[in-house]
Amino acid sequence: MPAGTLEFGLHTFGDVTHTAEGQPLSHPEVLRNVVAEGVMADQSGVDVIGIGEHHRPDYTISSPEMVLSAIAGQTENIKLISAVTVLSSDDPVRVYQRFATLDAVSNGRAEVSLGRGSFIESFPLFGYDLKDYEMLYEEKLDLFSHLRTERPVTWQGNTRAALTRQSVFPTTAHEFGLPTWVAVGGTPTSVVRAATYGMGLELAIIGGAPERFRPFAELYRREIASRGFEARRVALHSHGFVAATDEEAAERYYPHWEASMRKMGAERGWPAPSPAQFRQEITHGALHLGSPETVARKVAASVRALDAGRFGMKYGNGSLPHEYMMESIELYGSKVKPMVLDMLSGS
């Protein structure tokens with residue numbers, strides 16, 4: 001893939017952050033900071049900003065498209081995508097309408113990434129039964145694929161009311177409907193499902209070496225081709241953080257990573273995090289952390305491993321202060337991006 005076609009994204013879930021002095025911010029303060037981070041990303045030359053959906057007290061964003069709309073009003077170039085929209089507990093018609101509206105007001109910059117999410121809080125919140133976990137996602141993704149045609153839809157399933165030649169508005173100016181990705185954690189079935197509908201594949205690589213996911217990227221490309229769709233890009237989502245030096249990046253990031261991993265581990269039965277695990281993820285895993293040069297080398301290696309067309313870095317983690325993230329965003333756009341493109345130009 002020519003280096004110039006690679007897109008650079010930044011993702012956030014609106015984690016509840018702390019001040020540099022360790023004081024937690026309120027949800028409204030964090031949300032305003034996320035908008036400022038999106039504006040900084042645009043000003044720094046980042047191509048895509050992704051906003052993720054959660055329904056927990058430690059995250060502030062439950063409505064990604066609302067935050068993306070606020071960012072849209074203060075930016076001109078950056079693409080606006082969810083990271084992700086939890087389709088299982090939402091209504092596909094309303095999701096399409098909201099993102100089609102965002103697309104219009106942003107002059108065609110909206111995209112949507114659909115997934116199951118990594119938490120289950122939205123199911124009881126919106127009245128869904130976890131025993132229907134698989135059926136909810138499969139049926140709603142199927143309906144969404146029909147909505148993307150922007151033609152009258154006839155559809156019937158078990159999870160919502162049937163549609164009979166129903167038109168959905170607003171429509172978009174895109175030739176093939178709203179740009180849509182399917183976020184996948186790493187199962188062949190999910191990869192094949194994305195290809196079946198001709199949607200883009202976004203691989204969420206949270207831990208371990210990115211090259212482990214190459215078979216999924218290759219499976220996706222084979223399945224897309226076998227179904228007669230034009231080739232689609234593979235996107236890669238991983239955690240990362242940039243500072244002036246490797247040492248400063250680790251010093252700033254580690255306490256917040258450790259606290260976040262410890263909390264998550266207590267919920268899911270994982271072992272307690274350690275400095276050794278942290279170093280392992282930086283050196284051999286999915287954590288793209290360090291100086292601009294260090295991060296650029298690792299991003300370039302990850303992109304090569306998957307022949308990815310988009311790299312999305314989750315730039316925040318837990319209580320990591322807003323000021324540190326703003327600096328990281330600026331370095332990612334102004335330093336890391338051109339370095340990676342230069343490294344890949346001779347590939």
# chains A, B, ... in the order shown; residues from 1 in each chain; ligands from 1
>>> select_by_dssp(residues="range 67-266 of chain A", states="strand (DSSP E)", output="PyMOL selection string")
chain A and resi 79-82+85-86+110-115+153-155+163-166+180-184+200-204+234-242
>>> residues_around(residues="Arg116 in chain A", least_positions_apart="2", cutoff="12 Å", atoms="only C-alpha atoms", output="PyMOL selection string")
chain A and resi 52-54+83-90+113-114+118-123+130+133-138+140-141+182-185+190+204
>>> atom_distance(atom1="CA of Thr75 in chain A", atom2="CA of Ala41 in chain A")
9.3 Å
>>> residues_around(residues="range 96-99 of chain A", least_positions_apart="6", cutoff="8 Å", atoms="only C-alpha atoms", output="PDB file with all heavy atoms, in the first residue's frame")
ATOM      1  N   GLU A  65     -21.988  10.470  18.707  1.00  0.00           N
ATOM      2  CA  GLU A  65     -22.302  11.393  17.619  1.00  0.00           C
ATOM      3  C   GLU A  65     -22.548  12.818  18.107  1.00  0.00           C
ATOM      4  O   GLU A  65     -22.324  13.790  17.373  1.00  0.00           O
ATOM      5  CB  GLU A  65     -23.505  10.888  16.807  1.00  0.00           C
ATOM      6  CG  GLU A  65     -24.771  10.664  17.587  1.00  0.00           C
ATOM      7  CD  GLU A  65     -24.850   9.303  18.230  1.00  0.00           C
ATOM      8  OE1 GLU A  65     -23.814   8.637  18.416  1.00  0.00           O
ATOM      9  OE2 GLU A  65     -25.981   8.898  18.565  1.00  0.00           O
ATOM     10  N   ALA A 110     -18.503  12.161   8.199  1.00  0.00           N
ATOM     11  CA  ALA A 110     -18.905  11.169   9.202  1.00  0.00           C
ATOM     12  C   ALA A 110     -18.690   9.738   8.719  1.00  0.00           C
ATOM     13  O   ALA A 110     -18.861   9.425   7.533  1.00  0.00           O
ATOM     14  CB  ALA A 110     -20.364  11.368   9.583  1.00  0.00           C
ATOM     15  N   GLU A 111     -18.324   8.885   9.654  1.00  0.00           N
ATOM     16  CA  GLU A 111     -18.255   7.447   9.453  1.00  0.00           C
ATOM     17  C   GLU A 111     -18.789   6.792  10.722  1.00  0.00           C
ATOM     18  O   GLU A 111     -18.891   7.436  11.764  1.00  0.00           O
ATOM     19  CB  GLU A 111     -16.811   6.984   9.196  1.00  0.00           C
ATOM     20  CG  GLU A 111     -16.173   7.641   7.978  1.00  0.00           C
ATOM     21  CD  GLU A 111     -14.764   7.121   7.702  1.00  0.00           C
ATOM     22  OE1 GLU A 111     -14.274   6.272   8.493  1.00  0.00           O
ATOM     23  OE2 GLU A 111     -14.164   7.572   6.714  1.00  0.00           O
ATOM     24  N   VAL A 112     -19.107   5.508  10.630  1.00  0.00           N
ATOM     25  CA  VAL A 112     -19.565   4.799  11.818  1.00  0.00           C
ATOM     26  C   VAL A 112     -18.830   3.474  11.910  1.00  0.00           C
ATOM     27  O   VAL A 112     -18.598   2.803  10.892  1.00  0.00           O
ATOM     28  CB  VAL A 112     -21.106   4.585  11.803  1.00  0.00           C
ATOM     29  CG1 VAL A 112     -21.539   3.718  10.635  1.00  0.00           C
ATOM     30  CG2 VAL A 112     -21.585   4.007  13.126  1.00  0.00           C
ATOM     31  N   PHE A 144     -28.795  -2.864   9.329  1.00  0.00           N
ATOM     32  CA  PHE A 144     -27.983  -1.688   9.007  1.00  0.00           C
ATOM     33  C   PHE A 144     -27.428  -1.789   7.583  1.00  0.00           C
ATOM     34  O   PHE A 144     -27.337  -0.782   6.870  1.00  0.00           O
ATOM     35  CB  PHE A 144     -26.832  -1.540  10.007  1.00  0.00           C
ATOM     36  CG  PHE A 144     -26.226  -0.167  10.020  1.00  0.00           C
ATOM     37  CD1 PHE A 144     -26.719   0.809  10.872  1.00  0.00           C
ATOM     38  CD2 PHE A 144     -25.178   0.159   9.177  1.00  0.00           C
ATOM     39  CE1 PHE A 144     -26.175   2.083  10.886  1.00  0.00           C
ATOM     40  CE2 PHE A 144     -24.623   1.422   9.182  1.00  0.00           C
ATOM     41  CZ  PHE A 144     -25.125   2.394  10.036  1.00  0.00           C
ATOM     42  N   LEU A 147     -30.034  -0.513   5.332  1.00  0.00           N
ATOM     43  CA  LEU A 147     -30.197   0.934   5.433  1.00  0.00           C
ATOM     44  C   LEU A 147     -29.133   1.677   4.648  1.00  0.00           C
ATOM     45  O   LEU A 147     -29.390   2.768   4.115  1.00  0.00           O
ATOM     46  CB  LEU A 147     -30.141   1.357   6.904  1.00  0.00           C
ATOM     47  CG  LEU A 147     -31.257   0.807   7.800  1.00  0.00           C
ATOM     48  CD1 LEU A 147     -30.927   1.053   9.266  1.00  0.00           C
ATOM     49  CD2 LEU A 147     -32.594   1.437   7.443  1.00  0.00           C
ATOM     50  N   ARG A 148     -27.940   1.115   4.542  1.00  0.00           N
ATOM     51  CA  ARG A 148     -26.844   1.778   3.824  1.00  0.00           C
ATOM     52  C   ARG A 148     -27.137   1.970   2.343  1.00  0.00           C
ATOM     53  O   ARG A 148     -26.530   2.829   1.699  1.00  0.00           O
ATOM     54  CB  ARG A 148     -25.545   0.985   3.975  1.00  0.00           C
ATOM     55  CG  ARG A 148     -24.940   1.037   5.362  1.00  0.00           C
ATOM     56  CD  ARG A 148     -23.605   0.333   5.384  1.00  0.00           C
ATOM     57  NE  ARG A 148     -22.598   1.065   4.650  1.00  0.00           N
ATOM     58  CZ  ARG A 148     -21.729   0.514   3.799  1.00  0.00           C
ATOM     59  NH1 ARG A 148     -21.790  -0.789   3.542  1.00  0.00           N
ATOM     60  NH2 ARG A 148     -20.819   1.245   3.192  1.00  0.00           N
ATOM     61  N   VAL A 168     -35.787   5.831   4.890  1.00  0.00           N
ATOM     62  CA  VAL A 168     -35.185   6.407   6.093  1.00  0.00           C
ATOM     63  C   VAL A 168     -34.425   7.671   5.709  1.00  0.00           C
ATOM     64  O   VAL A 168     -33.657   7.677   4.743  1.00  0.00           O
ATOM     65  CB  VAL A 168     -34.253   5.388   6.777  1.00  0.00           C
ATOM     66  CG1 VAL A 168     -33.515   6.014   7.949  1.00  0.00           C
ATOM     67  CG2 VAL A 168     -35.066   4.178   7.246  1.00  0.00           C
ATOM     68  N   PHE A 169     -34.637   8.715   6.481  1.00  0.00           N
ATOM     69  CA  PHE A 169     -34.037  10.013   6.173  1.00  0.00           C
ATOM     70  C   PHE A 169     -33.300  10.565   7.391  1.00  0.00           C
ATOM     71  O   PHE A 169     -33.646  10.224   8.527  1.00  0.00           O
ATOM     72  CB  PHE A 169     -35.136  10.991   5.735  1.00  0.00           C
ATOM     73  CG  PHE A 169     -35.964  10.478   4.598  1.00  0.00           C
ATOM     74  CD1 PHE A 169     -37.253  10.019   4.827  1.00  0.00           C
ATOM     75  CD2 PHE A 169     -35.455  10.424   3.310  1.00  0.00           C
ATOM     76  CE1 PHE A 169     -38.025   9.527   3.789  1.00  0.00           C
ATOM     77  CE2 PHE A 169     -36.223   9.931   2.262  1.00  0.00           C
ATOM     78  CZ  PHE A 169     -37.514   9.484   2.503  1.00  0.00           C
ATOM     79  N   PRO A 170     -32.281  11.430   7.173  1.00  0.00           N
ATOM     80  CA  PRO A 170     -31.837  11.956   5.888  1.00  0.00           C
ATOM     81  C   PRO A 170     -30.957  10.946   5.140  1.00  0.00           C
ATOM     82  O   PRO A 170     -30.386  10.047   5.756  1.00  0.00           O
ATOM     83  CB  PRO A 170     -31.008  13.186   6.276  1.00  0.00           C
ATOM     84  CG  PRO A 170     -30.437  12.816   7.608  1.00  0.00           C
ATOM     85  CD  PRO A 170     -31.502  12.014   8.294  1.00  0.00           C
ATOM     86  N   LEU A 178     -23.437   5.618   3.892  1.00  0.00           N
ATOM     87  CA  LEU A 178     -22.554   6.061   4.967  1.00  0.00           C
ATOM     88  C   LEU A 178     -21.346   5.124   5.094  1.00  0.00           C
ATOM     89  O   LEU A 178     -21.506   3.909   5.179  1.00  0.00           O
ATOM     90  CB  LEU A 178     -23.337   6.062   6.279  1.00  0.00           C
ATOM     91  CG  LEU A 178     -22.634   6.606   7.506  1.00  0.00           C
ATOM     92  CD1 LEU A 178     -22.475   8.122   7.403  1.00  0.00           C
ATOM     93  CD2 LEU A 178     -23.422   6.242   8.757  1.00  0.00           C
TER      94      LEU A 178
END
>>> residues_around(residues="range 260-271 of chain A", least_positions_apart="2", cutoff="10 Å", atoms="only C-alpha atoms", output="number ranges by chain")
A: 15, 58, 254-258, 273-274, 317-320
>>> select_by_dssp(residues="range 223-323 of chain A", states="helix (DSSP H, G or I)", output="ChimeraX atom specification")
/A:223-226,246-268,275-283,292-306,322-323
>>> closest_residue(among="A:Ala308, A:Leu236, A:Leu287, A:Ala259", to="Arg221 in chain A", atoms="only C-alpha atoms")
A:Ala308
>>> atom_distance(atom1="CA of Gly316 in chain A", atom2="CA of Asn33 in chain A")
11.8 Å
>>> closest_residue(among="A:Lys337, A:Arg32, A:Arg212, A:Arg222", to="His284 in chain A", atoms="only C-alpha atoms")
A:Arg212
>>> residues_around(residues="range 322-324 of chain A", least_positions_apart="2", cutoff="10 Å", atoms="only C-alpha atoms", output="ChimeraX atom specification")
/A:16-20,25,30,33-34,36-37,241-243,249,252-253,315-316,319-320,326-329
>>> write_last_selection(atoms="N, CA, C and O atoms", output="CSV table (one decimal), in the first residue's frame")
chain,number,residue,atom,x,y,z
A,16,VAL,N,-12.7,9.3,32.5
A,16,VAL,CA,-12.7,10.3,33.5
A,16,VAL,C,-11.3,10.6,34.0
A,16,VAL,O,-10.6,9.8,34.6
A,17,THR,N,-10.8,11.8,33.6
A,17,THR,CA,-9.4,12.1,33.9
A,17,THR,C,-9.2,12.9,35.2
A,17,THR,O,-10.2,13.4,35.8
A,18,HIS,N,-7.9,13.0,35.6
A,18,HIS,CA,-7.6,13.8,36.8
A,18,HIS,C,-6.7,15.0,36.3
A,18,HIS,O,-6.2,15.0,35.3
A,19,THR,N,-6.7,15.9,37.2
A,19,THR,CA,-5.7,17.0,37.0
A,19,THR,C,-4.3,16.5,37.3
A,19,THR,O,-4.1,15.4,37.8
A,20,ALA,N,-3.3,17.3,36.9
A,20,ALA,CA,-1.9,16.9,37.2
A,20,ALA,C,-1.7,16.7,38.7
A,20,ALA,O,-0.8,16.0,39.1
A,25,LEU,N,-11.8,15.1,37.4
A,25,LEU,CA,-12.7,16.1,36.8
A,25,LEU,C,-14.1,15.6,36.7
A,25,LEU,O,-14.4,14.4,36.7
A,30,VAL,N,-14.7,16.9,31.5
A,30,VAL,CA,-14.1,15.9,30.6
A,30,VAL,C,-14.6,16.0,29.2
A,30,VAL,O,-13.9,16.0,28.2
A,33,ASN,N,-13.2,18.9,27.4
A,33,ASN,CA,-11.8,18.6,27.1
A,33,ASN,C,-11.7,17.7,25.9
A,33,ASN,O,-10.8,17.9,25.0
A,34,VAL,N,-12.6,16.7,25.8
A,34,VAL,CA,-12.6,15.8,24.6
A,34,VAL,C,-12.8,16.6,23.3
A,34,VAL,O,-12.1,16.4,22.3
A,36,ALA,N,-12.0,19.7,22.9
A,36,ALA,CA,-10.7,20.5,22.6
A,36,ALA,C,-9.7,19.5,22.1
A,36,ALA,O,-8.9,19.9,21.2
A,37,GLU,N,-9.7,18.3,22.5
A,37,GLU,CA,-8.7,17.3,22.0
A,37,GLU,C,-9.0,17.0,20.5
A,37,GLU,O,-8.0,16.9,19.7
A,241,PHE,N,0.7,6.5,23.4
A,241,PHE,CA,0.9,7.8,24.0
A,241,PHE,C,2.3,8.3,23.6
A,241,PHE,O,3.3,7.5,23.5
A,242,VAL,N,2.4,9.6,23.3
A,242,VAL,CA,3.6,10.2,22.8
A,242,VAL,C,4.0,11.3,23.8
A,242,VAL,O,3.2,12.1,24.2
A,243,ALA,N,5.3,11.4,24.1
A,243,ALA,CA,5.9,12.5,24.8
A,243,ALA,C,7.2,12.8,24.2
A,243,ALA,O,7.7,12.2,23.2
A,249,ALA,N,7.4,9.6,28.5
A,249,ALA,CA,6.2,9.0,28.1
A,249,ALA,C,5.8,7.9,29.1
A,249,ALA,O,4.7,7.8,29.6
A,252,ARG,N,4.9,9.4,32.6
A,252,ARG,CA,3.5,10.0,32.6
A,252,ARG,C,2.4,9.0,32.5
A,252,ARG,O,1.4,9.1,33.2
A,253,TYR,N,2.6,8.0,31.7
A,253,TYR,CA,1.5,7.1,31.4
A,253,TYR,C,1.3,5.9,32.4
A,253,TYR,O,0.2,5.5,32.7
A,315,TYR,N,-5.5,7.4,22.6
A,315,TYR,CA,-4.5,8.2,23.2
A,315,TYR,C,-4.6,8.5,24.7
A,315,TYR,O,-3.7,9.0,25.3
A,316,GLY,N,-5.8,8.1,25.3
A,316,GLY,CA,-6.0,8.3,26.7
A,316,GLY,C,-6.0,7.0,27.4
A,316,GLY,O,-6.2,6.0,26.8
A,319,SER,N,-7.1,7.9,34.2
A,319,SER,CA,-7.1,9.2,34.7
A,319,SER,C,-6.0,10.1,34.1
A,319,SER,O,-5.7,11.2,34.6
A,320,LEU,N,-5.3,9.7,33.0
A,320,LEU,CA,-4.3,10.5,32.4
A,320,LEU,C,-4.7,11.9,32.1
A,320,LEU,O,-5.7,12.1,31.5
A,326,MET,N,-3.2,16.4,25.3
A,326,MET,CA,-3.1,17.5,24.3
A,326,MET,C,-1.7,17.5,23.7
A,326,MET,O,-1.5,17.6,22.5
A,327,GLU,N,-0.6,17.4,24.5
A,327,GLU,CA,0.7,17.3,24.0
A,327,GLU,C,1.0,16.1,23.2
A,327,GLU,O,1.6,16.2,22.1
A,328,SER,N,0.4,15.0,23.6
A,328,SER,CA,0.6,13.7,22.9
A,328,SER,C,-0.1,13.8,21.5
A,328,SER,O,0.4,13.4,20.5
A,329,ILE,N,-1.3,14.4,21.5
A,329,ILE,CA,-2.0,14.6,20.2
A,329,ILE,C,-1.2,15.5,19.2
A,329,ILE,O,-1.1,15.1,18.0
>>> atom_distance(atom1="CA of Thr294 in chain A", atom2="CA of Met343 in chain A")
12.1 Å
>>> closest_residue(among="A:Met339, A:Leu219, A:Val192, A:Ser62", to="Leu125 in chain A", atoms="only C-alpha atoms")
A:Ser62
>>> residues_around(residues="Pro210 in chain A", least_positions_apart="3", cutoff="12 Å", atoms="only C-alpha atoms", output="VMD selection string")
chain A and resid 185 to 186 203 to 207 213 to 217 235 to 239 281 to 288 298 to 308 311
